[in-house]
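*Asks:* This is the content of model.txt (compact mmCIF, C-alpha atoms):
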# COMPACT_ATOMS: atom_id res chain seq x y z
CA MET A 1 51.09 92.04 104.88
CA SER A 2 49.73 89.06 102.95
CA LYS A 3 49.22 89.34 99.20
CA THR A 4 45.46 89.07 99.54
CA SER A 5 45.44 91.87 102.13
CA ALA A 6 47.55 94.05 99.84
CA ILE A 7 45.21 93.34 96.91
CA ALA A 8 42.18 94.09 99.11
CA GLU A 9 43.79 97.43 99.99
CA ALA A 10 44.46 98.23 96.33
CA ASN A 11 40.85 97.36 95.53
CA SER A 12 39.62 99.56 98.37
CA ALA A 13 41.81 102.41 97.14
CA PHE A 14 40.11 102.11 93.76
CA TYR A 15 36.68 102.55 95.34
CA GLU A 16 37.93 105.38 97.56
CA ALA A 17 39.15 107.22 94.45
CA PHE A 18 35.85 106.43 92.70
CA THR A 19 33.73 107.65 95.64
CA ALA A 20 35.86 110.75 96.24
CA ARG A 21 35.91 111.46 92.47
CA ASP A 22 39.67 111.81 92.84
CA LEU A 23 41.04 111.54 89.31
CA GLN A 24 44.66 111.91 90.44
CA ALA A 25 44.32 108.96 92.84
CA MET A 26 42.52 106.99 90.11
CA GLU A 27 45.33 107.72 87.66
CA GLY A 28 47.97 106.65 90.18
CA LEU A 29 46.48 103.26 90.90
CA TRP A 30 46.46 101.95 87.31
CA ALA A 31 49.49 99.98 86.12
CA GLU A 32 52.08 101.80 84.06
CA ARG A 33 54.18 98.98 82.66
CA SER A 34 51.44 96.48 81.78
CA PRO A 35 48.63 96.44 79.23
CA VAL A 36 45.50 97.88 80.88
CA ILE A 37 41.86 97.30 80.01
CA CYS A 38 38.73 99.00 81.25
CA ILE A 39 35.18 97.88 80.43
CA HIS A 40 32.60 100.24 81.91
CA PRO A 41 29.01 98.93 82.01
CA GLY A 42 27.59 98.97 78.49
CA TRP A 43 30.84 100.32 76.99
CA ARG A 44 33.26 98.78 74.54
CA PRO A 45 36.62 97.75 76.09
CA ILE A 46 39.16 100.57 76.34
CA PHE A 47 42.73 99.40 75.69
CA ASP A 48 44.60 102.66 75.94
CA ARG A 49 45.74 104.06 79.30
CA GLU A 50 45.15 107.70 78.36
CA GLU A 51 41.73 106.88 76.98
CA ILE A 52 40.91 105.00 80.20
CA MET A 53 41.86 108.09 82.21
CA ALA A 54 39.74 110.27 79.93
CA SER A 55 36.80 107.96 80.58
CA TRP A 56 37.31 108.25 84.34
CA ASN A 57 37.63 112.00 83.99
CA ALA A 58 34.24 112.04 82.25
CA ILE A 59 32.66 109.73 84.83
CA LEU A 60 34.15 111.27 87.98
CA GLY A 61 33.82 114.82 86.70
CA SER A 62 30.11 114.58 86.00
CA ARG A 63 27.78 116.31 88.42
CA MET A 64 25.32 113.57 87.58
CA ALA A 65 27.74 110.87 88.80
CA PRO A 66 25.78 108.73 91.25
CA PRO A 67 27.42 107.45 94.44
CA VAL A 68 28.90 103.94 94.22
CA ARG A 69 29.00 101.42 97.06
CA ALA A 70 31.27 98.39 96.73
CA SER A 71 30.70 95.07 98.47
CA GLU A 72 33.41 92.99 100.13
CA PRO A 73 35.11 91.20 97.22
CA VAL A 74 36.34 87.65 96.75
CA ILE A 75 40.13 87.92 96.38
CA PHE A 76 42.69 85.47 95.07
CA VAL A 77 46.10 85.41 93.41
CA ASN A 78 46.90 83.32 90.36
CA GLY A 79 50.02 83.50 88.21
CA GLY A 80 51.21 86.71 89.84
CA ILE A 81 47.91 88.48 89.13
CA GLY A 82 45.58 89.54 91.95
CA PHE A 83 41.87 89.24 91.29
CA ALA A 84 39.06 90.96 93.23
CA ILE A 85 35.56 89.90 92.21
CA GLY A 86 32.71 91.80 93.78
CA TYR A 87 29.67 93.96 93.38
CA GLU A 88 29.07 97.64 92.88
CA HIS A 89 25.74 99.11 93.95
CA ILE A 90 24.64 102.22 92.11
CA LEU A 91 21.17 103.78 92.50
CA GLY A 92 19.47 100.48 93.36
CA SER A 93 21.04 98.54 90.53
CA ALA A 94 23.98 96.19 90.91
CA LEU A 95 27.05 95.41 88.83
CA ALA A 96 29.21 92.28 88.87
CA VAL A 97 32.81 93.43 88.78
CA THR A 98 36.22 91.94 88.09
CA ASN A 99 39.23 94.00 89.11
CA ALA A 100 42.71 92.62 88.44
CA PHE A 101 46.04 93.87 89.72
CA VAL A 102 49.74 93.30 89.09
CA GLU A 103 52.65 94.18 91.36
CA GLU A 104 54.75 97.12 90.15
CA GLU A 105 57.57 98.29 92.38
CA GLY A 106 55.96 96.74 95.43
CA ALA A 107 52.48 98.17 94.81
CA TRP A 108 49.48 96.28 93.40
CA ARG A 109 48.27 98.27 90.41
CA MET A 110 45.12 97.80 88.37
CA ILE A 111 45.35 96.13 84.97
CA LEU A 112 41.68 95.28 84.43
CA HIS A 113 38.32 96.69 85.48
CA GLN A 114 35.16 95.15 84.04
CA ALA A 115 31.70 96.01 85.42
CA SER A 116 28.65 94.12 84.12
CA GLN A 117 25.09 95.24 84.74
CA MET A 118 23.17 92.55 86.65
CA ALA A 119 19.62 91.66 85.72
CA ASN A 120 18.63 91.21 89.37
CA ALA A 121 20.23 93.41 92.03
CA ASP A 122 18.94 91.09 94.77
CA GLU A 123 21.42 88.46 93.62
CA ALA A 124 24.37 90.68 94.50
CA GLU A 125 25.36 88.65 97.55
CA MET A 126 28.72 87.05 98.20
CA PRO A 127 28.80 83.23 98.22
CA LYS A 128 28.17 81.47 101.50
CA GLY A 129 31.36 80.66 103.35
CA GLY A 130 32.91 84.00 102.46
CA ALA A 131 35.87 84.90 100.31
CA VAL A 132 38.30 82.53 98.59
CA HIS A 133 41.42 83.58 100.49
CA MET B 1 54.09 77.78 69.50
CA SER B 2 54.19 81.21 71.13
CA LYS B 3 52.22 81.81 74.31
CA THR B 4 49.86 84.22 72.57
CA SER B 5 49.16 81.65 69.84
CA ALA B 6 48.47 78.99 72.45
CA ILE B 7 46.12 81.34 74.31
CA ALA B 8 44.39 82.25 71.04
CA GLU B 9 43.86 78.53 70.41
CA ALA B 10 42.46 78.00 73.90
CA ASN B 11 40.13 80.94 73.36
CA SER B 12 39.03 79.54 69.98
CA ALA B 13 38.41 76.14 71.58
CA PHE B 14 36.09 77.86 74.05
CA TYR B 15 34.01 79.34 71.22
CA GLU B 16 34.06 76.05 69.30
CA ALA B 17 32.62 74.28 72.36
CA PHE B 18 30.11 77.11 72.78
CA THR B 19 29.02 77.00 69.13
CA ALA B 20 28.89 73.21 68.98
CA ARG B 21 27.05 73.12 72.35
CA ASP B 22 29.64 70.56 73.42
CA LEU B 23 29.42 70.45 77.21
CA GLN B 24 32.18 67.85 77.52
CA ALA B 25 34.62 70.05 75.60
CA MET B 26 33.48 73.06 77.65
CA GLU B 27 34.08 71.15 80.86
CA GLY B 28 37.56 70.08 79.73
CA LEU B 29 38.80 73.55 78.95
CA TRP B 30 38.18 75.08 82.39
CA ALA B 31 41.03 74.99 84.92
CA GLU B 32 40.96 72.27 87.55
CA ARG B 33 43.55 73.44 90.04
CA SER B 34 42.78 77.17 90.11
CA PRO B 35 39.85 79.22 91.37
CA VAL B 36 37.44 79.73 88.45
CA ILE B 37 34.88 82.48 87.93
CA CYS B 38 32.14 82.83 85.35
CA ILE B 39 30.01 85.94 84.89
CA HIS B 40 27.35 85.41 82.22
CA PRO B 41 25.63 88.57 80.93
CA GLY B 42 23.23 89.84 83.60
CA TRP B 43 24.15 87.06 86.05
CA ARG B 44 25.83 87.16 89.42
CA PRO B 45 29.40 85.77 89.42
CA ILE B 46 29.60 81.99 89.80
CA PHE B 47 32.57 80.87 91.92
CA ASP B 48 32.05 77.14 91.98
CA ARG B 49 33.32 74.89 89.16
CA GLU B 50 30.37 72.49 89.30
CA GLU B 51 27.93 75.37 89.35
CA ILE B 52 29.70 76.92 86.34
CA MET B 53 29.31 73.64 84.45
CA ALA B 54 25.64 73.47 85.43
CA SER B 55 25.19 76.98 84.02
CA TRP B 56 26.82 75.93 80.72
CA ASN B 57 24.68 72.81 80.68
CA ALA B 58 21.60 75.04 80.96
CA ILE B 59 22.86 77.47 78.30
CA LEU B 60 24.21 74.93 75.80
CA GLY B 61 21.36 72.48 76.37
CA SER B 62 18.62 74.99 75.62
CA ARG B 63 16.87 74.67 72.27
CA MET B 64 16.47 78.42 72.47
CA ALA B 65 20.25 78.97 72.65
CA PRO B 66 21.09 81.50 69.94
CA PRO B 67 24.24 81.11 67.83
CA VAL B 68 27.27 83.02 69.07
CA ARG B 69 29.93 84.58 66.87
CA ALA B 70 33.22 85.68 68.45
CA SER B 71 35.45 88.41 67.07
CA GLU B 72 39.23 88.21 66.87
CA PRO B 73 40.38 89.00 70.43
CA VAL B 74 43.18 91.13 71.79
CA ILE B 75 45.55 88.72 73.55
CA PHE B 76 48.31 89.34 76.04
CA VAL B 77 50.13 87.59 78.84
CA ASN B 78 50.79 89.15 82.21
CA GLY B 79 52.60 87.12 84.86
CA GLY B 80 51.37 83.60 84.31
CA ILE B 81 47.90 84.59 83.13
CA GLY B 82 46.76 84.81 79.51
CA PHE B 83 44.05 87.33 78.70
CA ALA B 84 41.80 87.37 75.62
CA ILE B 85 39.56 90.44 75.35
CA GLY B 86 37.01 90.43 72.57
CA TYR B 87 33.43 90.60 71.48
CA GLU B 88 30.62 88.10 71.19
CA HIS B 89 27.81 88.78 68.74
CA ILE B 90 24.47 87.20 69.59
CA LEU B 91 21.27 87.99 67.69
CA GLY B 92 22.35 91.50 66.70
CA SER B 93 23.53 92.49 70.14
CA ALA B 94 27.15 92.54 71.24
CA LEU B 95 28.97 91.61 74.43
CA ALA B 96 32.37 92.79 75.65
CA VAL B 97 34.19 89.75 76.96
CA THR B 98 37.22 88.99 79.10
CA ASN B 99 38.51 85.44 79.05
CA ALA B 100 41.53 84.55 81.19
CA PHE B 101 43.62 81.41 81.14
CA VAL B 102 46.32 79.74 83.22
CA GLU B 103 48.73 77.01 82.17
CA GLU B 104 47.98 73.57 83.67
CA GLU B 105 50.14 70.65 82.56
CA GLY B 106 51.10 72.45 79.37
CA ALA B 107 47.57 73.50 78.40
CA TRP B 108 46.05 76.97 78.79
CA ARG B 109 42.85 76.50 80.76
CA MET B 110 40.11 79.02 81.47
CA ILE B 111 39.95 80.65 84.90
CA LEU B 112 37.66 83.58 84.09
CA HIS B 113 34.87 84.35 81.65
CA GLN B 114 32.99 87.63 81.95
CA ALA B 115 30.59 88.83 79.26
CA SER B 116 29.07 92.31 79.52
CA GLN B 117 26.12 93.45 77.44
CA MET B 118 27.10 96.47 75.31
CA ALA B 119 24.76 99.43 74.93
CA ASN B 120 25.73 99.89 71.28
CA ALA B 121 26.58 96.82 69.16
CA ASP B 122 28.10 99.07 66.48
CA GLU B 123 30.98 99.84 68.85
CA ALA B 124 32.08 96.20 68.85
CA GLU B 125 35.16 96.81 66.75
CA MET B 126 38.72 95.98 67.64
CA PRO B 127 41.06 98.95 68.18
CA LYS B 128 42.88 100.32 65.16
CA GLY B 129 46.32 98.87 64.77
CA GLY B 130 45.16 95.41 65.74
CA ALA B 131 45.86 93.24 68.71
CA VAL B 132 48.32 93.84 71.53
CA HIS B 133 50.59 90.87 70.82
Just give me the structure of the file as structure tokens.
*Replies:*
Amino acid sequence: MSKTSAIAEANSAFYEAFTARDLQAMEGLWAERSPVICIHPGWRPIFDREEIMASWNAILGSRMAPPVRASEPVIFVNGGIGFAIGYEHILGSALAVTNAFVEEEGAWRMILHQASQMANADEAEMPKGGAVH
Amino acid sequence: MSKTSAIAEANSAFYEAFTARDLQAMEGLWAERSPVICIHPGWRPIFDREEIMASWNAILGSRMAPPVRASEPVIFVNGGIGFAIGYEHILGSALAVTNAFVEEEGAWRMILHQASQMANADEAEMPKGGAVH
């Protein structure tokens, strides 16, 4: 499997865990030997792995949690880090999202998730010509 | 100079160009041989280098451009990528920001800038214990 395919799969696994509200899967896909950072929309950055998991526990455990739909991301590798830039659609609003991954024991694991509220959800379209593979 | 010091300098140079509204300096500090991505607050991601520069031209060239103040970032290196995670303060509101850099010909150049509006500017404080160096 190519690196970009493997990163696309890791990114998909993130959204599967998100959609299924599967905290155990979410926990398993974050890196264990690298610094990790999570910036939820509107939140301050979280730098601590346990605190990141607590935030996901709060988000995924809420009965009010709205469904999330992720667009096809733009994926590339630079300096050993895999980047997936895409959109999340939640209740008619859109977020611009960077997910970054590093390889740990053969698996691409998340080191960064940053989701930014977009002013105009209609702009949440991938660039013409498709992904930067 | 250590890698983290060099990345901190590159990150400072970004905010100096921003504050001075120096488009030429801004242009020079973005990577030339890597994919680059810029996500301004509320905007869709921009994937094209020329389009990124046009966006900075619009932002830095505006007479309405408010002053920006950047906090001390958390800096770390993973693989060949340098990350600087920090805050920007603009007119009483705060943004959570990821800047990422790659080394090109001995200089750390920007490959990613993502600024997310924070819901609560009072939370824009670095974690206790200081940066992850």
*Asks:* Mind giving me the straight-line distance from atom CA of Ala115 of chain B to atom CA of Asp122 of chain A in Å, one decimal?
*Replies:* 19.5 Å
*Asks:* Any idea which chain A residues end up within 10 Å of chain B if we count all atoms listed in the file, as a PyMOL selection string please?
*Replies:* chain A and resi 34-35+37+39-48+74+76-81+85-87+94-98+102-103+111-112+114-127+131-132
*Asks:* For segment 64-72 of chain B, work out the shell of residues within 7 Å, counting only C-alpha atoms and skipping chain neighbours fewer than 4 positions away, then give it as a PyMOL selection string.
*Replies:* chain B and resi 15+19+59-60+86-91
*Asks:* Which is closer to Ala17 of chain B than all the others in B:Val36, B:Trp56, B:His113, B:Ser2, using all atoms listed in the file?
*Replies:*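 For Ala17 of chain B, the nearest of the candidates is B:Trp56.
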*Asks:* State, in Å with one decimal place, the distance from atom CA of Ser55 of chain A to atom CA of Ser93 of chain B.
*Replies:*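 According to the coordinates, atom CA of Ser55 of chain A and atom CA of Ser93 of chain B are separated by 22.9 Å.
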*Asks:* As an exercise, work out the distance from atom CA of Gly106 of chain B to atom CA of Ala100 of chain A in Å and give it to one decimal place.
*Replies:* 23.7 Å
